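Asks: Input work_21.cif, format and content: mmCIF, C-alpha atoms.
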data_query
#
loop_
_atom_site.label_atom_id
_atom_site.label_comp_id
_atom_site.auth_asym_id
_atom_site.auth_seq_id
_atom_site.Cartn_x
_atom_site.Cartn_y
_atom_site.Cartn_z
CA MET A 1 -51.92 112.10 -121.85
CA LYS A 2 -49.41 114.80 -121.22
CA LYS A 3 -46.55 112.33 -121.36
CA ALA A 4 -47.70 111.12 -124.76
CA GLU A 5 -47.86 114.65 -126.00
CA ILE A 6 -44.32 115.34 -124.81
CA LEU A 7 -43.12 112.13 -126.43
CA LYS A 8 -44.81 113.05 -129.64
CA PHE A 9 -43.29 116.52 -129.50
CA TYR A 10 -39.87 115.03 -128.88
CA LEU A 11 -40.18 112.53 -131.72
CA ASN A 12 -41.17 115.27 -134.10
CA TYR A 13 -38.36 117.64 -133.09
CA ARG A 14 -35.71 115.22 -131.78
CA LEU A 15 -33.36 116.19 -134.61
CA TYR A 16 -33.06 119.62 -132.99
CA LEU A 17 -33.91 118.83 -129.40
CA PHE A 18 -31.23 116.17 -128.86
CA PRO A 19 -28.26 118.30 -129.99
CA ALA A 20 -29.66 121.18 -127.92
CA ILE A 21 -29.86 118.97 -124.81
CA VAL A 22 -26.32 117.66 -125.44
CA ALA A 23 -24.97 121.19 -125.92
CA LEU A 24 -26.73 122.41 -122.78
CA SER A 25 -25.48 119.49 -120.70
CA SER A 26 -21.96 119.97 -121.97
CA LEU A 27 -22.16 123.68 -121.22
CA ILE A 28 -23.40 123.00 -117.68
CA LEU A 29 -20.59 120.50 -117.12
CA ILE A 30 -18.00 122.93 -118.43
CA ILE A 31 -19.32 125.91 -116.43
CA LEU A 32 -20.00 124.09 -113.17
CA VAL A 33 -17.30 121.39 -113.09
CA ILE A 34 -14.55 121.38 -115.70
CA TYR A 35 -13.67 125.08 -115.82
CA PRO A 36 -13.63 125.89 -112.06
CA VAL A 37 -11.83 122.67 -111.16
CA ALA A 38 -9.29 123.14 -113.98
CA VAL A 39 -8.63 126.74 -112.86
CA LYS A 40 -8.18 125.60 -109.28
CA LEU A 41 -5.87 122.83 -110.52
CA ILE A 42 -3.64 125.33 -112.32
CA THR A 43 -3.62 127.74 -109.37
CA ASN A 44 -2.85 124.98 -106.92
CA SER A 45 -0.06 123.62 -109.09
CA LYS A 46 1.73 126.97 -108.55
CA VAL A 47 1.05 126.77 -104.81
CA GLU A 48 2.24 123.16 -104.84
CA GLY A 49 5.46 124.23 -106.55
CA GLU A 50 6.03 126.95 -103.96
CA ILE A 51 5.38 124.62 -101.03
CA LEU A 52 7.62 121.99 -102.62
CA SER A 53 10.50 124.44 -103.03
CA LYS A 54 9.95 125.64 -99.45
CA SER A 55 10.01 122.04 -98.28
CA LYS A 56 13.28 121.40 -100.14
CA PHE A 57 14.78 124.61 -98.74
CA LEU A 58 13.76 123.72 -95.18
CA GLU A 59 15.04 120.19 -95.63
CA THR A 60 18.44 121.49 -96.79
CA LYS A 61 18.51 124.03 -93.97
CA ALA A 62 17.62 121.43 -91.35
CA GLN A 63 20.34 119.11 -92.70
CA ALA A 64 22.88 121.95 -92.67
CA LEU A 65 21.97 122.89 -89.10
CA ASP A 66 22.00 119.28 -88.03
CA SER A 67 25.47 118.76 -89.48
CA LEU A 68 26.90 121.63 -87.41
CA ASP A 69 28.70 120.74 -84.23
CA GLN A 70 27.17 122.90 -81.51
CA VAL A 71 30.22 122.60 -79.26
CA ASP A 72 32.61 123.63 -82.03
CA LEU A 73 30.27 126.45 -83.01
CA ASP A 74 30.12 127.76 -79.44
CA ARG A 75 33.91 127.67 -79.30
CA LYS A 76 34.12 129.73 -82.51
CA VAL A 77 31.50 132.17 -81.22
CA ASN A 78 33.56 132.62 -78.05
CA PHE A 79 36.64 133.49 -80.13
CA ALA A 80 34.64 135.97 -82.17
CA LEU A 81 33.05 137.50 -79.06
CA GLY A 82 36.47 137.80 -77.47
CA SER A 83 37.65 139.83 -80.43
CA LEU A 84 34.48 141.83 -80.92
CA PRO A 85 32.28 141.70 -77.83
CA THR A 86 28.65 142.71 -77.70
CA ASP A 87 29.24 145.32 -75.01
CA LYS A 88 31.97 147.80 -74.08
CA ASP A 89 33.71 145.48 -71.59
CA PHE A 90 36.05 148.18 -70.23
CA VAL A 91 37.81 145.91 -67.77
CA SER A 92 39.19 143.49 -70.35
CA ALA A 93 40.18 146.37 -72.64
CA PHE A 94 42.07 148.11 -69.80
CA GLY A 95 43.79 144.87 -68.82
CA LEU A 96 44.71 143.98 -72.38
CA LEU A 97 46.12 147.45 -73.10
CA GLN A 98 48.20 147.39 -69.95
CA SER A 99 49.62 143.99 -70.77
CA LEU A 100 50.32 144.95 -74.41
CA THR A 101 52.04 148.12 -73.25
CA SER A 102 54.30 146.32 -70.81
CA GLU A 103 54.99 143.51 -73.34
CA SER A 104 56.10 146.17 -75.84
CA GLY A 105 58.53 147.68 -73.33
CA PHE A 106 56.54 150.67 -72.10
CA SER A 107 55.27 151.75 -68.71
CA THR A 108 51.72 152.92 -68.40
CA THR A 109 51.30 156.18 -66.52
CA ALA A 110 47.59 156.69 -67.06
CA ILE A 111 44.61 155.14 -68.73
CA SER A 112 41.41 157.08 -69.05
CA LEU A 113 38.17 156.91 -70.94
CA GLY A 114 38.12 159.37 -73.80
CA SER A 115 35.19 161.50 -74.78
CA ASP A 116 34.72 160.87 -78.44
CA ALA A 117 35.46 157.89 -80.60
CA SER A 118 36.13 157.83 -84.31
CA LYS A 119 33.17 156.82 -86.37
CA ASN A 120 33.54 153.26 -87.58
CA ILE A 121 31.14 152.21 -90.26
CA ASN A 122 30.66 148.63 -89.26
CA ALA A 123 31.10 148.67 -85.51
CA GLN A 124 30.56 150.77 -82.44
CA SER A 125 33.55 152.03 -80.50
CA TYR A 126 34.70 154.03 -77.50
CA ASN A 127 37.92 155.89 -76.96
CA LEU A 128 40.61 155.09 -74.42
CA LYS A 129 43.45 157.49 -73.69
CA LEU A 130 46.71 155.87 -72.82
CA ALA A 131 49.68 157.77 -71.43
CA ILE A 132 52.90 155.78 -71.48
CA VAL A 133 56.62 156.22 -71.05
CA GLY A 134 59.23 154.21 -72.86
CA PRO A 135 61.62 153.93 -75.78
CA VAL A 136 60.14 155.61 -78.80
CA THR A 137 61.94 153.15 -81.08
CA LEU A 138 59.53 150.51 -79.85
CA LEU A 139 56.46 152.58 -80.70
CA PRO A 140 55.84 150.84 -84.07
CA ILE A 141 55.87 147.50 -82.24
CA LEU A 142 53.36 148.80 -79.70
CA LEU A 143 51.13 150.16 -82.47
CA SER A 144 51.28 146.83 -84.27
CA ASN A 145 50.58 144.91 -81.06
CA ILE A 146 47.56 147.07 -80.31
CA GLU A 147 46.09 146.82 -83.80
CA ASN A 148 46.69 143.08 -84.04
CA SER A 149 45.62 142.20 -80.54
CA SER A 150 43.01 139.60 -79.70
CA ARG A 151 40.50 142.42 -79.18
CA LEU A 152 39.73 144.74 -82.09
CA MET A 153 41.34 148.11 -81.39
CA ARG A 154 42.45 150.89 -83.71
CA VAL A 155 44.95 153.63 -82.97
CA SER A 156 43.02 156.82 -83.53
CA SER A 157 45.75 159.40 -82.89
CA PHE A 158 48.92 159.71 -80.84
CA GLU A 159 51.55 162.15 -79.80
CA THR A 160 55.15 161.51 -78.86
CA THR A 161 57.62 163.83 -77.25
CA ALA A 162 61.27 163.12 -76.70
CA GLY A 163 61.97 162.87 -73.02
CA GLY A 164 65.52 161.68 -73.09
CA LEU A 165 67.91 159.60 -75.10
CA GLN A 166 65.72 156.50 -75.16
CA ALA A 167 62.63 157.31 -73.21
CA GLY A 168 59.81 159.48 -74.39
CA THR A 169 56.31 160.23 -73.31
CA ILE A 170 53.60 159.01 -75.59
CA SER A 171 49.93 159.79 -75.52
CA LEU A 172 47.73 157.41 -77.46
CA ASN A 173 44.06 157.63 -78.35
CA ILE A 174 42.73 154.17 -79.01
CA ASP A 175 39.32 153.22 -80.39
CA VAL A 176 38.12 150.00 -78.82
CA LEU A 177 35.56 148.31 -81.02
CA TYR A 178 32.46 146.41 -80.01
CA LEU A 179 29.23 145.48 -81.73
CA SER A 180 25.82 144.96 -80.18
CA ALA A 181 24.33 141.53 -80.68
CA PRO A 182 21.95 141.33 -83.61
CA THR A 183 18.31 141.63 -82.60
CA ASP A 184 17.11 139.25 -85.29
CA PHE A 185 18.43 135.73 -85.09
CA GLY A 186 16.52 134.61 -88.14
CA SER A 187 13.18 132.96 -88.60
CA VAL A 188 12.50 129.35 -89.49
CA ASP A 189 12.44 130.08 -93.21
CA SER A 190 15.24 132.65 -93.28
CA PRO A 191 18.31 131.60 -95.25
CA LEU A 192 21.21 130.18 -93.29
CA PRO A 193 24.53 132.01 -93.70
CA GLY A 194 27.37 129.74 -94.66
CA LEU A 195 30.92 129.97 -93.42
CA SER A 196 33.31 130.51 -96.28
CA GLU A 197 36.97 129.48 -96.37
CA LYS A 198 37.86 133.09 -95.64
CA ASP A 199 35.64 133.02 -92.57
CA ASP A 200 37.32 129.83 -91.41
CA GLU A 201 40.70 131.50 -91.86
CA VAL A 202 39.54 134.43 -89.70
CA ILE A 203 38.32 132.02 -87.03
CA ALA A 204 41.60 130.11 -87.20
CA LYS A 205 43.51 133.37 -86.75
CA LEU A 206 41.33 134.30 -83.79
CA ALA A 207 41.81 130.85 -82.32
CA LYS A 208 45.55 131.02 -82.65
CA GLY A 209 45.62 134.59 -81.41
CA ASP A 210 47.80 135.06 -84.43
CA THR A 211 46.48 138.24 -85.88
CA ALA A 212 49.63 139.28 -87.61
CA ALA A 213 49.12 141.84 -90.30
CA SER A 214 48.08 140.26 -93.53
CA THR A 215 48.31 143.50 -95.45
CA PRO A 216 51.81 144.62 -96.21
CA THR A 217 52.98 147.41 -94.00
CA THR A 218 55.47 149.98 -95.12
CA GLN A 219 58.55 148.12 -96.24
CA LEU A 220 61.40 150.46 -96.74
CA GLY A 221 65.11 150.14 -97.09
CA PRO A 222 67.61 150.96 -94.38
CA ARG A 223 67.02 154.67 -94.82
CA GLY A 224 66.21 157.06 -92.01
CA LYS A 225 66.97 156.44 -88.42
CA GLU A 226 65.81 153.92 -85.93
CA ASN A 227 65.01 156.45 -83.26
CA PRO A 228 63.82 159.74 -84.71
CA PHE A 229 64.32 161.44 -81.35
CA GLU A 230 68.03 160.79 -81.19
CA MET O 1 -25.88 91.88 -161.13
CA LYS O 2 -28.07 92.86 -158.25
CA ILE O 3 -30.77 95.46 -158.66
CA ALA O 4 -32.13 97.02 -155.50
CA ILE O 5 -35.48 98.62 -155.82
CA ASN O 6 -36.98 100.46 -152.86
CA LEU O 7 -40.63 99.92 -153.06
CA LEU O 8 -41.42 101.79 -149.90
CA PRO O 9 -43.58 104.88 -150.15
CA ILE O 10 -41.76 108.27 -150.29
CA GLU O 11 -42.98 109.21 -146.75
CA PHE O 12 -41.34 106.10 -145.29
CA ARG O 13 -38.15 106.76 -147.21
CA ALA O 14 -37.98 110.29 -145.87
CA GLN O 15 -38.69 108.96 -142.41
CA GLN O 16 -35.82 106.45 -142.79
CA ILE O 17 -33.41 109.16 -143.94
CA ARG O 18 -34.41 111.37 -140.94
CA SER O 19 -33.94 108.43 -138.57
CA ALA O 20 -30.50 107.65 -140.00
CA SER O 21 -29.46 111.30 -139.56
CA PHE O 22 -30.78 111.31 -136.01
CA TYR O 23 -28.85 108.17 -135.10
CA LYS O 24 -25.68 109.81 -136.34
CA ILE O 25 -26.40 112.95 -134.33
CA GLN O 26 -27.35 110.83 -131.33
CA ALA O 27 -24.07 108.88 -131.52
CA PHE O 28 -22.12 112.09 -131.81
CA GLY O 29 -24.05 113.69 -128.92
CA VAL O 30 -23.57 110.67 -126.68
CA THR O 31 -19.85 110.73 -127.46
CA ILE O 32 -19.70 114.41 -126.57
CA ILE O 33 -21.51 113.81 -123.27
CA LEU O 34 -19.22 110.90 -122.45
CA VAL O 35 -16.15 112.97 -123.23
CA MET O 36 -17.48 115.74 -121.02
CA ILE O 37 -18.16 113.32 -118.18
CA PHE O 38 -14.71 111.79 -118.65
CA LEU O 39 -13.10 115.23 -118.53
CA SER O 40 -15.12 116.17 -115.44
CA VAL O 41 -14.09 112.99 -113.64
CA LEU O 42 -10.49 113.46 -114.76
CA VAL O 43 -10.15 117.04 -113.44
CA VAL O 44 -11.91 116.16 -110.20
CA ALA O 45 -9.62 113.15 -109.71
CA LEU O 46 -6.54 115.25 -110.50
CA ARG O 47 -7.72 117.91 -108.10
CA PHE O 48 -8.17 115.29 -105.40
CA LEU O 49 -4.71 113.85 -106.01
CA GLN O 50 -3.23 117.35 -106.01
CA SER O 51 -4.90 118.14 -102.67
CA GLN O 52 -3.50 114.93 -101.21
CA ASN O 53 -0.06 115.78 -102.54
CA ILE O 54 -0.19 119.33 -101.14
CA LEU O 55 -1.29 117.97 -97.79
CA GLN O 56 1.67 115.56 -97.74
CA ILE O 57 4.14 118.35 -98.62
CA GLN O 58 2.62 120.61 -95.97
CA ASN O 59 3.09 117.87 -93.41
CA ARG O 60 6.70 117.54 -94.51
CA VAL O 61 7.16 121.33 -94.24
CA SER O 62 5.70 121.30 -90.72
CA ALA O 63 8.07 118.49 -89.73
CA GLU O 64 11.09 120.35 -91.13
CA GLU O 65 9.99 123.57 -89.43
CA GLN O 66 9.78 121.74 -86.15
CA LYS O 67 13.25 120.28 -86.73
CA ILE O 68 14.65 123.79 -87.42
CA SER O 69 12.87 125.20 -84.36
CA ASP O 70 14.60 122.54 -82.27
CA LEU O 71 17.94 123.72 -83.71
CA LYS O 72 17.17 127.39 -83.02
CA ASN O 73 20.21 127.78 -80.76
CA THR O 74 22.54 126.48 -83.46
CA GLN O 75 21.04 128.89 -85.96
CA GLY O 76 21.40 131.77 -83.49
CA SER O 77 25.05 130.91 -82.82
CA LEU O 78 25.79 130.68 -86.52
CA LEU O 79 24.15 134.04 -87.25
CA LEU O 80 25.99 135.67 -84.36
CA LEU O 81 29.29 134.18 -85.55
CA LYS O 82 28.73 135.36 -89.11
CA ASN O 83 27.70 138.80 -87.84
CA ARG O 84 30.98 139.08 -85.87
CA ILE O 85 33.19 137.67 -88.63
CA ILE O 86 31.93 140.15 -91.24
CA THR O 87 33.13 143.03 -89.05
CA ILE O 88 36.26 141.34 -87.69
CA SER O 89 37.55 140.42 -91.17
CA GLN O 90 37.45 144.09 -92.15
CA TYR O 91 39.83 145.05 -89.36
CA LEU O 92 41.84 141.93 -88.64
CA GLY O 93 45.38 142.10 -89.95
CA THR O 94 45.09 145.63 -91.29
CA THR O 95 47.22 148.53 -90.13
CA SER O 96 45.64 151.91 -89.51
CA LYS O 97 46.58 154.88 -91.66
CA GLN O 98 48.00 156.57 -88.56
CA ALA O 99 50.44 153.72 -87.83
CA GLN O 100 51.40 153.41 -91.50
CA MET O 101 52.12 157.13 -91.76
CA TYR O 102 54.20 157.09 -88.58
CA GLN O 103 56.29 154.19 -89.88
CA LEU O 104 56.76 155.92 -93.20
CA ILE O 105 57.78 159.27 -91.72
CA THR O 106 60.23 157.83 -89.22
CA THR O 107 62.03 156.03 -92.04
CA LEU O 108 62.11 159.15 -94.20
CA LEU O 109 63.69 161.42 -91.61
CA PRO O 110 67.49 161.65 -92.01
CA GLU O 111 69.95 160.99 -89.20
CA SER O 112 70.63 164.68 -88.80
CA PHE O 113 67.01 165.55 -88.01
CA SER O 114 66.45 165.62 -84.28
CA VAL O 115 62.76 165.23 -83.54
CA SER O 116 61.24 167.05 -80.59
CA SER O 117 57.72 165.79 -81.03
CA ILE O 118 55.52 163.91 -83.45
CA SER O 119 51.77 164.14 -83.42
CA VAL O 120 49.60 161.90 -85.59
CA GLY O 121 45.98 162.98 -86.01
CA LYS O 122 42.82 160.97 -86.61
CA ASP O 123 43.04 161.37 -90.36
CA GLY O 124 46.71 160.42 -90.44
CA GLU O 125 47.93 164.02 -90.58
CA ILE O 126 51.34 164.35 -88.94
CA LEU O 127 52.84 167.32 -87.16
CA ILE O 128 56.58 167.09 -86.59
CA SER O 129 58.74 169.58 -84.78
CA GLY O 130 62.49 169.19 -84.61
CA VAL O 131 65.94 170.59 -85.16
CA VAL O 132 68.39 170.27 -88.04
CA PRO O 133 72.02 171.38 -87.70
CA ASP O 134 72.41 173.09 -91.07
CA SER O 135 70.69 174.09 -94.28
CA SER O 136 71.87 171.04 -96.24
CA SER O 137 70.22 168.79 -93.66
CA LEU O 138 67.08 170.88 -93.98
CA ASP O 139 67.17 170.38 -97.76
CA ASN O 140 67.65 166.68 -97.19
CA VAL O 141 64.58 166.52 -94.93
CA ILE O 142 62.42 168.38 -97.41
CA SER O 143 63.63 166.40 -100.43
CA ASN O 144 63.15 163.08 -98.66
CA LEU O 145 59.60 163.95 -97.71
CA THR O 146 58.61 165.48 -101.03
CA SER O 147 60.19 162.92 -103.35
CA GLN O 148 57.48 160.60 -104.68
CA SER O 149 59.88 157.70 -104.94
CA SER O 150 60.89 157.91 -101.31
CA ASN O 151 57.49 158.77 -99.82
CA GLN O 152 55.86 155.93 -101.80
CA ASP O 153 53.33 158.43 -103.13
CA LYS O 154 51.56 158.36 -99.80
CA ILE O 155 51.97 162.03 -98.96
CA SER O 156 49.70 164.57 -100.56
CA GLN O 157 50.94 167.78 -98.98
CA ILE O 158 53.81 169.00 -96.84
CA SER O 159 53.69 172.44 -95.29
CA LEU O 160 56.48 174.09 -93.38
CA ASP O 161 54.51 175.72 -90.57
CA THR O 162 57.40 177.46 -88.80
CA ILE O 163 61.11 177.73 -89.35
CA SER O 164 63.67 179.74 -87.38
CA ARG O 165 67.45 179.89 -87.31
CA GLY O 166 69.09 180.19 -83.90
CA ARG O 167 72.31 181.93 -83.00
CA ASP O 168 73.95 178.53 -82.87
CA GLY O 169 73.14 178.09 -86.55
CA VAL O 170 70.63 175.28 -86.10
CA TYR O 171 67.24 175.35 -87.76
CA ARG O 172 64.13 174.76 -85.68
CA LEU O 173 61.15 173.80 -87.78
CA SER O 174 57.71 172.34 -87.62
CA LEU O 175 56.20 170.42 -90.50
CA LYS O 176 52.66 169.41 -91.29
CA ILE O 177 52.32 166.33 -93.46
CA LYS O 178 49.02 165.31 -95.01
CA PRO O 179 48.54 161.76 -96.24
CA LYS O 180 46.84 160.85 -99.52
#
Using structure tokens, write down the structure from this file.
Replies:
Amino acid sequence: MKKAEILKFYLNYRLYLFPAIVALSSLILIILVIYPVAVKLITNSKVEGEILSKSKFLETKAQALDSLDQVDLDRKVNFALGSLPTDKDFVSAFGLLQSLTSESGFSTTAISLGSDASKNINAQSYNLKLAIVGPVTLLPILLSNIENSSRLMRVSSFETTAGGLQAGTISLNIDVLYLSAPTDFGSVDSPLPGLSEKDDEVIAKLAKGDTAASTPTTQLGPRGKENPFE
Amino acid sequence: MKIAINLLPIEFRAQQIRSASFYKIQAFGVTIILVMIFLSVLVVALRFLQSQNILQIQNRVSAEEQKISDLKNTQGSLLLLKNRIITISQYLGTTSKQAQMYQLITTLLPESFSVSSISVGKDGEILISGVVPDSSSLDNVISNLTSQSSNQDKISQISLDTISRGRDGVYRLSLKIKPK
């Protein structure tokens, strides 16, 4: 009986009831399915893009790392560490200074550890005091040898006194540079630094031990005198 | 010529018109429902495909991450090398201000100037003490050091700290030279 009544009611008002049911169903579908899924689709497409770019980046990085020759890299690292070690390494600095001094024609009278070092922006340093005796005319050669040696050293200050016709006493303050190893060796998704041509040139120079001055030093005519103490 | 005469009663005619309108609305409603169902299925299918795609990319990312982790030593070496080279390249092949100033000054001093001592400070400041035999040599020293063409515009200030003339006629002087 009730069913017949409902049917009768529907038949009488179907012109209004049917569109209402359609609208309601459509609304339910939109609210419960289409809208949330579409929103999620748009959000996820951004996430998908990010993951895709990360994947491409990691792929490129892995290929770049894979293409590097570990043996060659270790060799280059050794050159670089020889020039700029991670610690003070006094012994090698003492030895190198002594050999550079004798190669330049001077005799070392004393080597001592200085108290203060000049502040270098990009590296740490300590000061070595070198007392030598020898021809003052060869001092520019010694200075050049020290500053272009296989280990990074800078002449901080020096004093020369004439001690004879050719021999003088020279006191040199030398800053020996070193740089602590970086604490962060990069994460998996950190960008990989590339080696530029300039970097390769630096490595080649270190490898050859040929660290001749690339910047022009004072080029003057034949003025002045060879030995200012004469 | 065909003449159509509807002999149905007015109630039936109205009923027919209502039914025709309803069928139109019904067709339209069914179409709307079908479109809605199609859209629902479409977005759900796209969402499913997207999830699958994301899962595949994530798997690829994990594989690449593992590959990079295996090459951690290579990455460490490269970073260490780059870290060293950045600093080394700033010093390699360059001459310090102190050495440059010493070279410049020694070439500027005339033959007649007999140097007793030269001291080069941390900032490149030079203290020279020496002896010149006569006043013309003294003039020569000063003019050489002060002339912009000869000192390559690398000297900012020259001060004559002390000067004395001995009984023997020689001048003993000490100079302070500040670089630019």
Asks: I need the chain O residues near chain A as a PyMOL selection string; criterion: at most 6 Å, counting all atoms listed in the file.
Replies: chain O and resi 22+29+40+47+54+61+64+68+76+81+93-94+107-111+114-122
Asks: Quick one: pull the distance between atom CA of Phe94 of chain A and atom CA of Gln100 of chain O, Å, one decimal.
Replies: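 So the two atoms, atom CA of Phe94 of chain A and atom CA of Gln100 of chain O, lie 24.2 Å apart.
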Asks: Between atom CA of Ser102 of chain A and atom CA of Ile132 of chain A, what is the spacing in Å?
Replies: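 Interatomic distance here is 9.6 Å.
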Asks: Under the rule of at most 10 Å, produce a per-residue listing of segment 56-126 of chain O near segment 154-167 of chain O: chain, number, name, the closest pair of atoms, and the distance in Å, as a tab-separated table, using all atoms listed in the file.
Replies:
residue	atom	partner	partner_atom	distance
O:Gln100	CA	O:Lys154	CA	9.7
O:Met101	CA	O:Lys154	CA	8.2
O:Leu104	CA	O:Lys154	CA	8.7
O:Ile105	CA	O:Ile155	CA	9.7
O:Glu125	CA	O:Ile155	CA	9.5
O:Ile126	CA	O:Ile158	CA	9.5
Asks: Between atom CA of Ile31 of chain A and atom CA of Leu39 of chain O, what is the distance, to one decimal in Å?
Replies: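 Atom CA of Leu39 of chain O lies at a distance of 12.5 Å from atom CA of Ile31 of chain A.
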Asks: Which is closer to Gly105 of chain A than all the others in A:Asn12, A:Ser67, A:Val133, A:Thr43, using all atoms listed in the file?
Replies: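 Ranking A:Asn12, A:Ser67, A:Val133, A:Thr43 by distance to Gly105 of chain A, first place goes to A:Val133.
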